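This is data-v7.cif (mmCIF, C-alpha atoms and all ligand atoms).
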```
data_run
loop_
_atom_site.label_atom_id
_atom_site.label_comp_id
_atom_site.auth_asym_id
_atom_site.auth_seq_id
_atom_site.Cartn_x
_atom_site.Cartn_y
_atom_site.Cartn_z
CA MET A 227 -37.25 0.00 26.84
CA LYS A 228 -33.92 1.83 26.98
CA CYS A 229 -33.09 5.47 26.36
CA ILE A 230 -30.00 7.61 26.53
CA GLU A 231 -30.07 10.73 28.65
CA VAL A 232 -27.56 13.37 27.48
CA PRO A 233 -27.10 17.08 28.26
CA LYS A 234 -28.97 19.04 25.62
CA THR A 235 -25.76 20.51 24.15
CA TYR A 236 -24.80 16.95 23.12
CA ALA A 237 -28.24 16.05 21.78
CA GLU A 238 -27.68 16.87 18.10
CA LYS A 239 -24.39 15.00 17.88
CA THR A 240 -25.80 12.00 19.76
CA ILE A 241 -28.88 11.77 17.55
CA ARG A 242 -26.74 12.01 14.43
CA LEU A 243 -24.44 9.20 15.56
CA LEU A 244 -27.28 6.96 16.68
CA ARG A 245 -29.10 7.51 13.39
CA ARG A 246 -25.92 6.74 11.41
CA HIS A 247 -25.52 3.43 13.25
CA GLY A 248 -29.20 2.49 13.04
CA LEU A 249 -29.63 2.65 16.82
CA LEU A 250 -32.16 5.47 17.00
CA ASP A 251 -35.71 4.31 17.70
CA THR A 252 -37.82 6.40 15.37
CA GLU A 253 -41.11 4.87 16.52
CA HIS A 254 -40.91 6.86 19.77
CA LEU A 255 -40.45 10.55 20.48
CA ILE A 256 -37.35 12.27 21.80
CA THR A 257 -38.27 14.16 24.98
CA ARG A 258 -36.74 16.88 27.21
CA ARG A 259 -36.03 16.49 30.93
CA ASP A 260 -34.79 19.79 32.44
CA ASP A 261 -31.54 20.53 30.60
CA HIS A 262 -31.21 16.95 29.34
CA VAL A 263 -32.64 15.16 26.34
CA VAL A 264 -33.96 11.61 26.45
CA ILE A 265 -33.40 9.68 23.24
CA PRO A 266 -35.11 6.32 22.62
CA LEU A 267 -32.87 3.42 21.51
CA ARG A 268 -33.43 0.37 19.35
CA ASN A 269 -30.81 -1.43 21.41
CA ASP A 270 -28.11 -0.26 23.76
CA GLU A 271 -25.34 -2.80 23.15
CA GLN A 272 -22.99 -0.77 20.93
CA VAL A 273 -23.81 2.58 22.49
CA PRO A 274 -20.69 2.96 24.68
CA ASP A 275 -18.44 2.20 21.64
CA ILE A 276 -20.15 4.72 19.40
CA LEU A 277 -20.74 7.58 21.81
CA VAL A 278 -17.28 7.98 23.24
CA ASN A 279 -16.64 11.33 24.97
CA ILE A 280 -20.35 12.02 25.37
CA PRO A 281 -21.52 12.25 29.02
CA LEU A 282 -24.49 9.91 28.86
CA LYS A 283 -26.63 7.71 31.04
CA ILE A 284 -28.51 4.68 29.76
CA ILE A 285 -31.87 4.60 31.53
CA SER A 286 -35.13 2.67 31.42
CA CYS A 287 -37.82 4.79 29.82
CA ASN A 288 -41.31 4.89 28.43
CA PRO A 289 -41.34 7.67 25.79
CA PRO A 290 -44.52 8.60 23.93
CA ILE A 291 -45.18 6.78 20.68
CA ARG A 292 -44.71 8.87 17.53
CA ARG A 293 -48.06 9.28 15.85
CA LYS A 294 -47.71 8.15 12.26
CA ILE A 295 -49.09 10.85 10.05
CA ARG A 296 -50.01 9.62 6.65
CA LEU A 297 -50.33 12.70 4.52
CA ARG A 298 -51.79 12.71 1.06
CA VAL A 299 -49.58 15.31 -0.56
CA PRO A 300 -50.84 16.99 -3.73
CA SER A 301 -48.51 18.30 -6.42
CA HIS A 302 -47.25 21.71 -5.36
CA ASP A 303 -44.39 24.21 -5.68
CA VAL A 304 -42.55 25.85 -2.83
CA ILE A 305 -41.25 29.30 -3.77
CA GLY A 306 -39.47 31.04 -0.92
CA ASP A 307 -41.98 31.03 1.92
CA VAL A 308 -44.97 30.53 -0.38
CA VAL A 309 -46.62 27.31 -1.56
CA ILE A 310 -48.59 27.17 -4.80
CA VAL A 311 -51.04 24.42 -5.72
CA ARG A 312 -53.04 24.06 -8.90
CA GLU A 313 -56.75 24.61 -8.71
CA ASN A 314 -57.56 21.06 -9.87
CA VAL A 315 -56.14 19.68 -6.60
CA LEU A 316 -59.45 20.70 -5.02
CA GLU A 317 -61.26 18.17 -7.21
CA THR A 318 -59.82 15.39 -5.07
CA MET A 319 -59.10 17.14 -1.79
CA ASP A 320 -60.99 19.28 0.65
CA ARG A 321 -59.62 22.85 1.03
CA ASN A 322 -59.05 22.51 4.80
CA GLU A 323 -57.31 19.17 4.40
CA LEU A 324 -55.08 20.73 1.74
CA ILE A 325 -54.11 23.59 4.05
CA HIS A 326 -53.50 21.20 6.93
CA VAL A 327 -51.25 18.93 4.85
CA LEU A 328 -49.17 21.80 3.45
CA ARG A 329 -48.78 23.50 6.82
CA THR A 330 -47.75 20.22 8.43
CA LEU A 331 -45.14 19.66 5.71
CA TYR A 332 -43.88 23.26 5.74
CA PRO A 333 -44.46 24.78 9.19
CA LYS A 334 -42.57 27.96 8.21
CA ILE A 335 -44.57 28.99 5.15
CA ARG A 336 -46.54 32.22 5.27
CA THR A 337 -48.91 31.86 2.31
CA ILE A 338 -50.69 29.14 0.35
CA TYR A 339 -51.91 30.15 -3.09
CA LEU A 340 -54.26 28.35 -5.38
CA LYS A 341 -53.24 28.87 -9.00
CA ARG A 342 -56.31 29.29 -11.19
CA GLU A 343 -54.51 29.76 -14.51
CA THR A 344 -51.60 31.36 -16.32
CA THR A 345 -52.78 34.10 -18.61
CA GLY A 346 -51.89 36.57 -21.34
CA GLU A 347 -48.76 37.50 -23.15
CA PHE A 348 -46.85 37.97 -19.88
CA ARG A 349 -47.80 34.42 -18.76
CA THR A 350 -48.71 35.68 -15.30
CA ALA A 351 -50.49 33.55 -12.71
CA VAL A 352 -53.99 34.16 -11.39
CA LEU A 353 -53.62 33.36 -7.71
CA GLU A 354 -56.06 33.09 -4.83
CA ALA A 355 -54.63 33.16 -1.31
CA ILE A 356 -56.30 30.31 0.57
CA TRP A 357 -54.19 30.64 3.70
CA GLY A 358 -51.86 33.25 5.19
CA ILE A 359 -50.85 36.71 4.08
CA ASP A 360 -51.74 37.66 0.52
CA ASN A 361 -48.35 38.95 -0.63
CA PRO A 362 -46.97 37.39 -3.82
CA VAL A 363 -43.48 38.87 -3.42
CA THR A 364 -40.90 36.48 -2.03
CA MET A 365 -37.24 35.44 -2.37
CA HIS A 366 -36.32 32.10 -3.88
CA LYS A 367 -32.95 30.40 -4.19
CA GLU A 368 -31.64 28.57 -7.25
CA TYR A 369 -28.18 27.03 -6.85
CA GLY A 370 -27.23 29.65 -4.28
CA LEU A 371 -28.43 32.54 -6.46
CA ARG A 372 -31.24 34.60 -4.95
CA PHE A 373 -34.24 35.67 -6.97
CA LYS A 374 -36.87 38.18 -5.98
CA VAL A 375 -40.17 37.11 -7.52
CA ASP A 376 -43.62 38.62 -7.72
CA LEU A 377 -45.81 35.63 -8.38
CA ARG A 378 -48.69 37.75 -9.67
CA ARG A 379 -46.90 40.27 -11.82
CA ALA A 380 -44.18 38.28 -13.55
CA TYR A 381 -43.78 34.69 -14.70
CA TYR A 382 -41.75 32.44 -12.45
CA ASN A 383 -41.51 28.67 -12.31
CA PRO A 384 -39.15 27.10 -9.74
CA ARG A 385 -39.14 23.89 -11.80
CA LEU A 386 -36.93 25.66 -14.34
CA ALA A 387 -34.04 26.06 -11.90
CA GLU A 388 -32.19 22.99 -13.20
CA GLU A 389 -32.75 24.09 -16.76
CA HIS A 390 -31.31 27.53 -16.00
CA ARG A 391 -28.22 25.81 -14.65
CA ARG A 392 -27.95 23.30 -17.50
CA ILE A 393 -27.93 26.06 -20.11
CA ALA A 394 -25.49 28.15 -18.07
CA GLU A 395 -23.12 25.17 -17.95
CA GLU A 396 -23.27 24.78 -21.74
CA VAL A 397 -22.27 28.35 -22.43
CA GLY A 398 -18.62 29.20 -23.07
CA ASP A 399 -16.77 32.28 -21.81
CA ASP A 400 -16.93 35.42 -23.96
CA GLU A 401 -20.13 34.44 -25.76
CA LYS A 402 -22.69 37.01 -26.80
CA ILE A 403 -26.14 35.80 -25.86
CA PHE A 404 -29.69 37.07 -26.32
CA ASP A 405 -32.19 35.88 -23.70
CA LEU A 406 -35.25 37.04 -25.62
CA PHE A 407 -37.98 36.09 -23.11
CA ALA A 408 -36.02 36.41 -19.92
CA GLY A 409 -38.76 36.84 -17.30
CA ILE A 410 -37.08 37.81 -14.02
CA GLY A 411 -33.66 36.79 -15.31
CA GLY A 412 -33.21 33.08 -14.49
CA PHE A 413 -31.13 32.09 -17.53
CA SER A 414 -29.25 35.40 -17.79
CA ILE A 415 -28.18 35.52 -14.14
CA HIS A 416 -27.16 31.86 -14.01
CA ILE A 417 -25.04 32.33 -17.15
CA ALA A 418 -23.44 35.54 -15.87
CA SER A 419 -22.65 33.83 -12.57
CA LEU A 420 -20.54 31.24 -14.40
CA HIS A 421 -19.14 33.05 -17.43
CA ARG A 422 -17.71 36.37 -18.53
CA SER A 423 -20.23 36.54 -21.35
CA ILE A 424 -22.39 39.41 -22.51
CA ILE A 425 -26.08 38.68 -22.08
CA TYR A 426 -29.00 40.77 -23.30
CA MET A 427 -31.78 40.04 -20.82
CA ASN A 428 -35.05 41.05 -22.46
CA ASP A 429 -38.72 40.81 -21.58
CA LEU A 430 -41.83 42.63 -22.71
CA ASN A 431 -43.25 42.71 -19.18
CA PRO A 432 -41.82 45.79 -17.39
CA TYR A 433 -42.35 44.21 -13.94
CA ALA A 434 -40.32 41.20 -14.99
CA VAL A 435 -37.51 43.45 -16.24
CA ARG A 436 -37.60 45.48 -13.04
CA LEU A 437 -37.30 42.30 -10.97
CA GLY A 438 -34.55 41.11 -13.32
CA ILE A 439 -32.59 44.29 -12.59
CA GLU A 440 -33.16 43.88 -8.85
CA ASN A 441 -31.96 40.30 -9.13
CA ILE A 442 -28.76 41.40 -10.86
CA ILE A 443 -28.15 43.77 -7.95
CA ILE A 444 -29.02 41.14 -5.33
CA ASN A 445 -26.54 38.68 -6.90
CA ARG A 446 -23.91 41.24 -7.91
CA LYS A 447 -21.12 39.62 -5.88
CA ARG A 448 -21.50 36.38 -7.82
CA ILE A 449 -21.87 37.88 -11.28
CA ARG A 450 -18.85 37.72 -13.57
CA GLY A 451 -20.44 38.50 -16.94
CA LEU A 452 -22.20 41.59 -18.25
CA ILE A 453 -26.00 41.62 -18.29
CA ILE A 454 -27.80 44.27 -20.32
CA PRO A 455 -31.48 44.52 -19.34
CA LEU A 456 -34.01 45.43 -22.03
CA CYS A 457 -37.75 45.82 -22.10
CA MET A 458 -38.98 45.38 -25.65
CA ASP A 459 -41.02 43.24 -27.95
CA SER A 460 -38.60 40.59 -29.19
CA SER A 461 -40.07 40.77 -32.66
CA LEU A 462 -38.65 44.31 -32.93
CA THR A 463 -35.04 43.35 -32.18
CA PRO A 464 -34.07 43.20 -35.90
CA LYS A 465 -34.81 46.94 -36.02
CA TYR A 466 -32.33 47.77 -33.26
CA PHE A 467 -29.56 45.14 -33.41
CA LYS A 468 -26.95 44.22 -35.98
CA GLN A 469 -27.56 41.09 -37.96
CA GLY A 470 -25.68 37.87 -37.21
CA VAL A 471 -23.71 38.87 -34.10
CA PHE A 472 -25.04 36.52 -31.40
CA ASP A 473 -23.50 33.15 -30.52
CA ARG A 474 -26.60 31.96 -28.72
CA VAL A 475 -30.28 32.85 -28.46
CA ILE A 476 -32.54 31.60 -25.67
CA ALA A 477 -36.21 31.48 -26.67
CA ASN A 478 -38.14 30.45 -23.59
CA ASN A 479 -41.68 31.41 -24.50
CA PRO A 480 -43.01 27.92 -25.09
CA HIS A 481 -46.49 28.77 -26.42
CA TYR A 482 -45.32 31.31 -28.96
CA SER A 483 -41.64 30.66 -29.62
CA HIS A 484 -42.30 29.38 -33.17
CA LEU A 485 -43.65 32.82 -34.16
CA PHE A 486 -40.17 34.38 -33.88
CA GLU A 487 -38.17 32.11 -36.20
CA HIS A 488 -37.16 35.04 -38.43
CA VAL A 489 -35.90 36.91 -35.33
CA TYR A 490 -33.64 34.04 -34.23
CA ARG A 491 -32.30 33.69 -37.76
CA TYR A 492 -31.58 37.40 -37.94
CA LEU A 493 -29.81 37.66 -34.57
CA LEU A 494 -27.65 34.53 -34.69
CA LYS A 495 -24.28 34.13 -36.37
CA ASP A 496 -23.92 31.27 -38.83
CA ASN A 497 -23.63 28.12 -36.72
CA GLY A 498 -25.03 30.04 -33.72
CA ILE A 499 -27.16 28.02 -31.31
CA LEU A 500 -30.84 28.48 -30.59
CA HIS A 501 -32.32 27.03 -27.39
CA LEU A 502 -35.95 26.80 -28.38
CA TYR A 503 -38.62 25.89 -25.84
CA PHE A 504 -42.00 24.65 -27.00
CA VAL A 505 -45.09 22.87 -25.68
CA SER A 506 -46.17 19.61 -27.26
CA SER A 507 -47.15 16.01 -26.74
CA ILE A 508 -44.59 13.32 -27.60
CA GLU A 509 -46.51 12.49 -30.79
CA GLU A 510 -46.48 16.05 -32.08
CA ARG A 511 -42.97 17.00 -31.04
CA ASP A 512 -41.12 16.10 -34.22
CA SER A 513 -43.77 17.49 -36.54
CA PHE A 514 -43.59 20.82 -34.66
CA ILE A 515 -39.87 21.11 -35.45
CA GLU A 516 -40.43 19.92 -39.00
CA LYS A 517 -43.20 22.47 -39.55
CA TYR A 518 -41.46 25.58 -38.17
CA PHE A 519 -37.73 24.83 -38.06
CA SER A 520 -37.01 22.51 -40.97
CA ASP A 521 -34.06 24.68 -42.10
CA TRP A 522 -32.25 24.31 -38.78
CA ARG A 523 -29.90 21.50 -37.81
CA ILE A 524 -31.03 19.66 -34.68
CA LEU A 525 -28.35 19.15 -32.05
CA GLN A 526 -30.61 17.63 -29.45
CA LEU A 527 -34.17 17.46 -28.22
CA ARG A 528 -34.98 17.01 -24.57
CA LYS A 529 -37.95 17.03 -22.24
CA VAL A 530 -37.67 19.89 -19.76
CA ILE A 531 -40.74 19.78 -17.51
CA ASP A 532 -44.28 18.39 -17.47
CA TYR A 533 -46.92 20.81 -18.64
CA ALA A 534 -50.21 18.87 -18.55
CA PRO A 535 -51.12 15.16 -18.74
CA TYR A 536 -49.09 13.78 -21.72
CA VAL A 537 -47.97 17.28 -22.69
CA PHE A 538 -44.47 18.57 -21.97
CA ILE A 539 -42.22 21.55 -22.38
CA TRP A 540 -39.35 20.55 -24.67
CA ARG A 541 -36.08 22.16 -25.55
CA ALA A 542 -34.68 21.86 -29.04
CA ASP A 543 -31.07 22.93 -29.47
CA LEU A 544 -30.91 24.08 -33.07
CA VAL A 545 -28.04 25.34 -35.17
CA LYS A 546 -28.52 28.10 -37.71
CA THR A 547 -27.38 26.78 -41.08
C1 LIG B 1 -42.13 31.41 -19.98
S1 LIG B 1 -41.87 33.06 -19.57
C2 LIG B 1 -40.12 33.21 -19.47
C3 LIG B 1 -39.50 32.55 -18.31
C4 LIG B 1 -38.05 32.85 -18.09
N1 LIG B 1 -37.25 32.61 -19.27
C5 LIG B 1 -37.54 31.99 -16.94
O1 LIG B 1 -36.72 31.11 -17.18
O2 LIG B 1 -37.99 32.20 -15.81
C6 LIG B 1 -42.15 33.88 -21.08
C7 LIG B 1 -41.85 35.37 -21.00
O3 LIG B 1 -41.96 35.94 -22.31
C8 LIG B 1 -42.37 37.28 -22.14
N2 LIG B 1 -42.87 37.73 -23.45
C9 LIG B 1 -44.03 37.40 -24.07
N3 LIG B 1 -44.09 37.97 -25.30
C10 LIG B 1 -42.94 38.65 -25.46
C11 LIG B 1 -42.39 39.41 -26.54
N4 LIG B 1 -43.07 39.58 -27.67
N5 LIG B 1 -41.18 39.96 -26.38
C12 LIG B 1 -40.49 39.79 -25.23
N6 LIG B 1 -40.95 39.07 -24.18
C13 LIG B 1 -42.15 38.51 -24.30
C14 LIG B 1 -43.39 37.22 -21.04
O4 LIG B 1 -43.57 38.45 -20.41
C15 LIG B 1 -42.79 36.16 -20.11
O5 LIG B 1 -42.05 36.75 -19.07
#
```
structure tokens encoding of this file:
Amino acid sequence: MKCIEVPKTYAEKTIRLLRRHGLLDTEHLITRRDDHVVIPLRNDEQVPDILVNIPLKIISCNPPIRRKIRLRVPSHDVIGDVVIVRENVLETMDRNELIHVLRTLYPKIRTIYLKRETTGEFRTAVLEAIWGIDNPVTMHKEYGLRFKVDLRRAYYNPRLAEEHRRIAEEVGDDEKIFDLFAGIGGFSIHIASLHRSIIYMNDLNPYAVRLGIENIIINRKRIRGLIIPLCMDSSLTPKYFKQGVFDRVIANNPHYSHLFEHVYRYLLKDNGILHLYFVSSIEERDSFIEKYFSDWRILQLRKVIDYAPYVFIWRADLVKT
């Protein structure tokens, strides 16, 4: 078979061009020969036309065959340099195989955690380190924003990144917003990065609020709005805030959000918008809204993320009437 030999400084460009034109043989491995790289070809006919200005030699070669690795990849989340898998993955997969697969997929990770459950009012994860260094603090990026997370002490779900952005894109400039269950600040910081709004970023968990403050500082160069961090029980906000002054309330506490209906009503202006997150199956979704929010006008209902088999986290955008 034929290969191209190029000086290694040209290797990246050559590989890119060959791949673009479908000439790269991906069944065989690219190898090094001193300060040259030997790249296997599917065919060499068009090579001189495509790789102009690249000092190359077309040679006969016998590169090693790429071993096809068929990996059975379980559902998982990558957060910074940490991978989290749910405990139930071990029902169908051996622990060592799981570690091998994840390390093959992500050679740069430093920790693999098994998530046993999410518990308590703070919705924190019970994690067991099954490989690597047991340190749940890491940095994770969402749309270029950087978030410091402590996966044991404060709730964080990387699958909400798109939702953070979607809400931030819906907000207008100069709005006054209450993020009642803010966690480490996902919604608040995304909004403030796009708009000159005022956002109250509240959580009951002091570790979450502390991380939220650190995240404001980490992203300070990208923040245009004003974020006011708070650590309080959301049900007490009517005691400390004026009635009817907020344009928007974000209620992302899906298991308990229905318990705070009176709070949302108190905080929002007339026609203010509530982004309400709740957990339900498709069958029970409408009756949930009917039961707890029948006085609100529905703008839209959408599925946000999967929660369990046939159960989802939904967002209802509701208008205070
Ligand atoms: C699902 S998490 C929030 C996630 C966050 N909005 C995000 O996008 O990453 C729910 C949060 O509600 C907080 N929480 C629970 N009860 C609360 C209460 N009564 N008042 C304020 N925060 C509360 C928890 O500490 C937890 O951080």
Check your understanding: For the atom pair atom CA of Pro266 of chain A and atom CA of Val327 of chain A, what is the interatomic distance in Å to one decimal place?
Key ->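 Value for the atom CA of Pro266 of chain A-atom CA of Val327 of chain A distance: 27.1 Å.
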Which residues of chain A come within 7 Å of ligand LIG 1 (chain B), and for each one, what is the closest pair of atoms and their distance in Å to one decimal, counting all atoms listed in the file, sorted by chain and residue number, as CSV?
```
residue,atom,partner,partner_atom,distance
A:Glu347,CA,B:LIG1,C9,4.8
A:Phe348,CA,B:LIG1,O4,3.4
A:Arg349,CA,B:LIG1,C15,5.5
A:Ala380,CA,B:LIG1,O5,6.1
A:Tyr381,CA,B:LIG1,O5,5.1
A:Tyr382,CA,B:LIG1,O2,5.0
A:Asn383,CA,B:LIG1,O2,6.1
A:Leu386,CA,B:LIG1,O1,6.1
A:His390,CA,B:LIG1,O1,6.6
A:Leu406,CA,B:LIG1,C12,5.9
A:Phe407,CA,B:LIG1,O3,4.1
A:Ala408,CA,B:LIG1,N1,4.0
A:Gly409,CA,B:LIG1,O5,3.7
A:Ile410,CA,B:LIG1,O2,6.0
A:Gly411,CA,B:LIG1,O2,6.3
A:Gly412,CA,B:LIG1,O1,4.8
A:Phe413,CA,B:LIG1,O1,5.7
A:Asn428,CA,B:LIG1,C12,6.2
A:Asp429,CA,B:LIG1,N6,3.8
A:Leu430,CA,B:LIG1,N6,4.0
A:Asn431,CA,B:LIG1,O4,4.4
A:Ala434,CA,B:LIG1,O5,6.3
A:Met458,CA,B:LIG1,C12,5.8
A:Asp459,CA,B:LIG1,N5,3.6
A:Ser460,CA,B:LIG1,N5,3.9
A:Ser461,CA,B:LIG1,N4,5.9
A:Asn478,CA,B:LIG1,N1,4.9
A:Asn479,CA,B:LIG1,C6,4.2
A:Pro480,CA,B:LIG1,C1,6.3
```
Point to revise | Which of A:Ala477, A:Ile338, A:Ile291, A:Ala534 sits closest to Asn322 of chain A [using all atoms listed in the file] | key: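 Ranked by minimum distance to Asn322 of chain A, first place goes to A:Ile338.
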**Study point:** Nearby residues (only C-alpha atoms) at most 9 Å from segment 354-368 of chain A, same-chain spacing under 3 positions excluded, as an MDAnalysis selection string
**Key:** chainID A and resid 304:308 321 325 335:342 371:379 384 387:388 390:391 412 416
Practice item. Go through A:Thr257, A:Ser506, A:Ser414, A:Thr547 and flag the residue nearest Pro289 of chain A, using all atoms listed in the file for the distances. Key: A:Thr257
Hey, can I get the axis-aligned box for segment 332-338 of chain A? All listed atoms, 4 Å padding on each side, centre and edge lengths in Å to one decimal, as lines of an AutoDock Vina configuration file.
```
center_x = -46.6
center_y = 27.7
center_z = 4.8
size_x = 16.1
size_y = 17.0
size_z = 16.8
```
Exercise for review: Using only C-alpha atoms, pick whichever of A:Ile531, A:Phe404, A:Asp260, A:Val537 has the shortest atom-to-atom distance to Glu510 of chain A.
Suggested key: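 Among the listed residues, the smallest separation from Glu510 of chain A belongs to A:Val537.
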Practice item. Name the residues in contact with Ser423 of chain A at a cut-off of 10 Å, using all atoms listed in the file, excluding same-chain residues fewer than 6 positions from it; report them as a list of chain:residue names. Key: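 Everything that qualifies: A:Val397, A:Gly398, A:Asp399, A:Asp400, A:Glu401, A:Lys402, A:Ile403, A:Ser414, A:Ile417, A:Arg450, A:Gly451, A:Leu452, A:Ile453.
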Exercise for review: Give as a VMD selection string the set of residues within 7 Å of the point (-42.3, 22.3, -16.1), where distances use the file's coordinates and all atoms listed in the file.
Suggested key: chain A and resid 385 to 386 530 to 533 539
Exercise for review: Could you jot down the atom CA of Phe467 of chain A to atom CA of Lys495 of chain A separation for me, Å, one decimal place?
Suggested key: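 Result for atom CA of Phe467 of chain A versus atom CA of Lys495 of chain A: 12.6 Å, one decimal.
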Review point. Between atom CA of His254 of chain A and atom CA of Lys294 of chain A, what is the spacing in Å?
Key: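 It comes out at 10.2 Å.
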Review point. For Val505 of chain A, which of A:Glu440, A:Arg246, A:Tyr492, A:His481 is the closest residue, counting all atoms listed in the file?
Key: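 Among the listed residues, A:His481 lies closest to Val505 of chain A.
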Practice item. Using all atoms listed in the file, give me every residue within 12 Å of (-36.5, 22.5, -41.8) in file coordinates, as a PyMOL selection string. Key: chain A and resi 487+512-524+544-547
Point to revise | Residue neighbourhood Arg258 of chain A, 10 Å, all atoms listed in the file, exclusion window fewer than 3 positions, as a ChimeraX atom specification | key: /A:231-234,255,261-265
Review point. Which is closest to Glu271 of chain A among A:Ala351, A:Ile256, A:Cys229, A:Val299, if we use only C-alpha atoms?
Key: A:Cys229
**Study point:** Which of A:Phe486, A:Trp540, A:Tyr433, A:Phe472 sits closest to Tyr503 of chain A [using only C-alpha atoms]
**Key:**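 Closest to Tyr503 of chain A of all the choices is A:Trp540.
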